[in-house]
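Structure first, commentary second.
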Amino acid sequence: MSDATHRPLAGLRAWLTMLSISLEERLAYRGDFILGTVMRFLPIVTQVFLWTAVFSATSRPDIAGYSRDDIVAYYLLTMVSRAFSSMPGLAGGIARGVRDGSIKKYLVQPVDYISFLLAARIAHKLVYYLVAALPFAVIFFLCRGFFPPAPDAVTILAFLLALVLSFLLGFFMEATLGMLGFWFLEVSSIIFGYMLVQYLLSGHMFPIDMLADIPTGIAGTSLADVVRWLPFEYTAYFPSAVWLGKVRGWALVRDLAIEAGWVVVMALCCRLAWRRGTRRYSAFGG
Amino acid sequence: MGRYFGIFLTFARACLVRDMTFRANFLLECVTSLGWMSMNLAFYLLVFTFTAEIGRGTGWTREPFFAFVATGLIVNAIVQAFFMPSAEELTELIRTGGLDAVLVQPLDAQFLLSLHRVDYSSLANGLVGVGLLGWAVSRFAAPPPLVAWVLYPVLVACGVAILYALIIMLAAATILLGRNQSLYDFWFYLTTFSRYPAEIYAGPWGGPIRALCTFVIPILLVVNVPARIIAQPFTAAAGPLVAASLGAAAAMLVISRIVFQAALAKYRSASS
């Protein structure tokens with residue numbers, strides 16, 4: 001009886017402890033955090049000027065359905081999406097732990113490694129939002145003229161759900177990637193390849209809709225269609241497109257379901273990689 | 001001067017031996033930088049499917065713009081290969097007290113701290129830049145005049161000098177502060193402003209940015225001046241541009257030297 005009632009509570013307590021440790025760790029470098037947050041907007045400034053120049057040279061009112069203001073709003077919104085889905089250092093950290101053997105402590109402690117990583121990442125993100133809220137608010141207020149009127153409550157809810165799912169998707173994708181370290185000694189090149197694909201296909205660089213006219217050689221299939229079969233767009237493009245009203249009605253419900261499906265698939269992959277990886281893992285020395 | 005050149009060659013040879021010892025890693029680093037570069041080129045190609053020109057009447061149509069991009073690749077490859085690796089090690093040198101060992105050498109500290117490491121893999125992008133420049137120029141309606149070809153390497157050198165001076169000033173800040181990772185990130189983000197033609201910085205926000213990045217931190221002269229000389233019609237307006245680039249490079253080198261020496265004078269050893 002006591003075991004059955006205590007275990008979930010003990011699990012929750014351990015999880016909250018992990019969260020608070022990570023929170024304190026993160027808050028130690030808050031000055032660096034604020035500076036880093038503000039600086040990450042600088043490349044967007046150049047993008048805004050680039051697209052303004054592109055629109056000034058062309059007579060088209062929009063590009064792939066985006067006006068100049070839409071594109072600026074899109075880039076700003078992808079900063080929010082990426083604030084949820086990007087997981088700096090996660091894959092590299094797991095692979096390093098496997099390589100240098102520090103991961104073995106999670107094998108002997110009554111702590112689930114993936115849960116620990118998730119708690120640490122939530123703490124990381126919470127601190128990030130806490131510190132980044134002000135610079136984000138100032139920049140979005142200054143750029144409010146670029147945004148269309150605020151969407152309805154349902155769209156805002158869908159946007160928030162898409163963001164939470166993008167966090168989970170980003171987490172499980174990168175954690176799975178890091179666990180490839182059980183099979184490969186050096187995964188930095190794989191991580192790099194992933195980052196490259198992620199940056200290009202997530203919509204971080206440009207809205208995926210811009211690929212709609214790029215042929216793939218398969219009849220009736222554009223490059224945008226191919227990108228939509230992959231999970232990457234949910235980590236940057238999708239939440240932004242939801243806010244801008246590019247995805248509506250049943251398409252919105254369908255895409256949210258697909259995003260949730262990708263989260264489940266990647267969570268299973270991550271768990272499977274951990275199980276298989278720890279089975280073949282061997283550590284030497286003290 | 002000859003002695004310093006000889007020492008630099010020794011450093012360069014040692015780094016080449018090191019790179020060639022880990023050949024697979026070297027190739028991987030080349031592929032890494034080529035990967036990012038290809039992605040950016042793909043993005044610019046995509047942009048030109050929607051427009052014929054970057055900015056109305058600026059003259060930055062597809063081929064001139066790619067000559068601009070190529071110039072950026074060449075300048076940045078030189079900086080990344082010869083100066084950045086050493087600058088990146090500075091924080092560690094200060095933290096471990098290794099800077100003390102540098103200061104007691106019978107050599108100029110700035111020379112040792114900014115030129116002791118060469119990263120050959122960064123030159124891969126520069127080689128692609130040269131190829132891209134050749135491709136773009138071969139498609140110009142009128143080839144650049146001889147004087148533009150003569151001025152081009154000089155102006156590229158000025159661009160490199162301006163970036164080098166900025167790195168030295170950041171190194172000085174590192175010596176004063178002990179650690180400045182954010183400042184190096186700032187350097188990276190600041191240089192993103194130099195990636196595009198200055199004409200795109202227009203309007204009530206663009207004007208001040210353009211003025212700031214031309215006259216205060218002359219980052220816009222780094223790529224814009226050599227690229228304009230080679231990719232735009234050569235007119236009398238080139239004279240002031242060339243003079244501005246030469247002047248800015250000289251001024252930045254002198255200022256960075258003064259700042260660096262002042263920082264070294266304030267350095268207190270971290271070693272025990």
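Residue numbering restarts at 1 for every chain of the structure tokens, chains are lettered A, B, ... in their displayed order, and ligands are numbered from 1 as they appear.
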
What residues in chain B have any atom no more than 9 Å from chain A when counting only C-alpha atoms, and can you write them as a PyMOL selection string? chain B and resi 28-29+32+35-36+39+43+46-48+50-58+181-182+185-186+189-190+192-193+195-196+199-202+206

Quick one: pick out all helix (DSSP H, G or I) residues within stretch 2-204 of chain A from a backbone DSSP run and write them as a PyMOL selection string. chain A and resi 2-27+30-39+42-57+68-85+90-100+104-108+113-142+144-146+153-182+188-201

Using only C-alpha atoms, the residue out of B:Arg117, B:Arg257, B:Arg268, B:Arg3 with shortest distance to B:Val17 is B:Arg117

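The gap separating atom CA of A:Val226 from atom CA of A:Trp250 is 20.7 Å, in Å to one decimal.
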
Taking into account only C-alpha atoms, which residue in the set A:Leu168, A:Ala91, A:Ile103, A:Ala119 is nearest to A:Leu23? A:Ala119

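For the pair atom CA of B:Pro64 and atom CA of B:Val242, the interatomic distance is 18.6 Å.
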
Near B:Val160, within 8 Å and counting only C-alpha atoms, which residues show up once chain neighbours fewer than 6 positions away are dropped, as a ChimeraX atom specification? /B:75-76,78-79,222

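One finds atom CA of A:Leu201 at 18.6 Å from atom CA of A:Ala260.
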
What parts of stretch 11-230 of chain A does DSSP call strand (DSSP E or B)? I'd like the answer as an MDAnalysis selection string. chainID A and resid 63 66 215 222

Could you pull the residues within 12 Å of B:Ala142, counting only C-alpha atoms, minus those fewer than 5 positions along the same chain, as a list in words? Glu63, Pro64, Ala136, Val137, Ile230, Ala231, Gln232, Pro233 and Phe234 of chain B

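With distances restricted to only C-alpha atoms, A:Gly92 is the closest residue to A:Ile190 from A:Gly92, A:Leu27, A:Leu230, A:Asp70.
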
From the set B:Ala238, B:Met1, B:Ile229, B:Ile162, which residue has the shortest atom-to-atom contact distance to B:Met252, counting only C-alpha atoms? B:Ile162

Contact residues around A:Val164 with only C-alpha atoms at 10 Å, ignoring same-chain residues under 4 positions, as a PyMOL selection string: chain A and resi 81+84-85+158-160+168-170+239+260

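With only C-alpha atoms as the atoms that count, the residue of A:Gly93, A:Pro207, A:Gly277, A:Pro231 with the shortest distance to A:Leu180 is A:Gly277.
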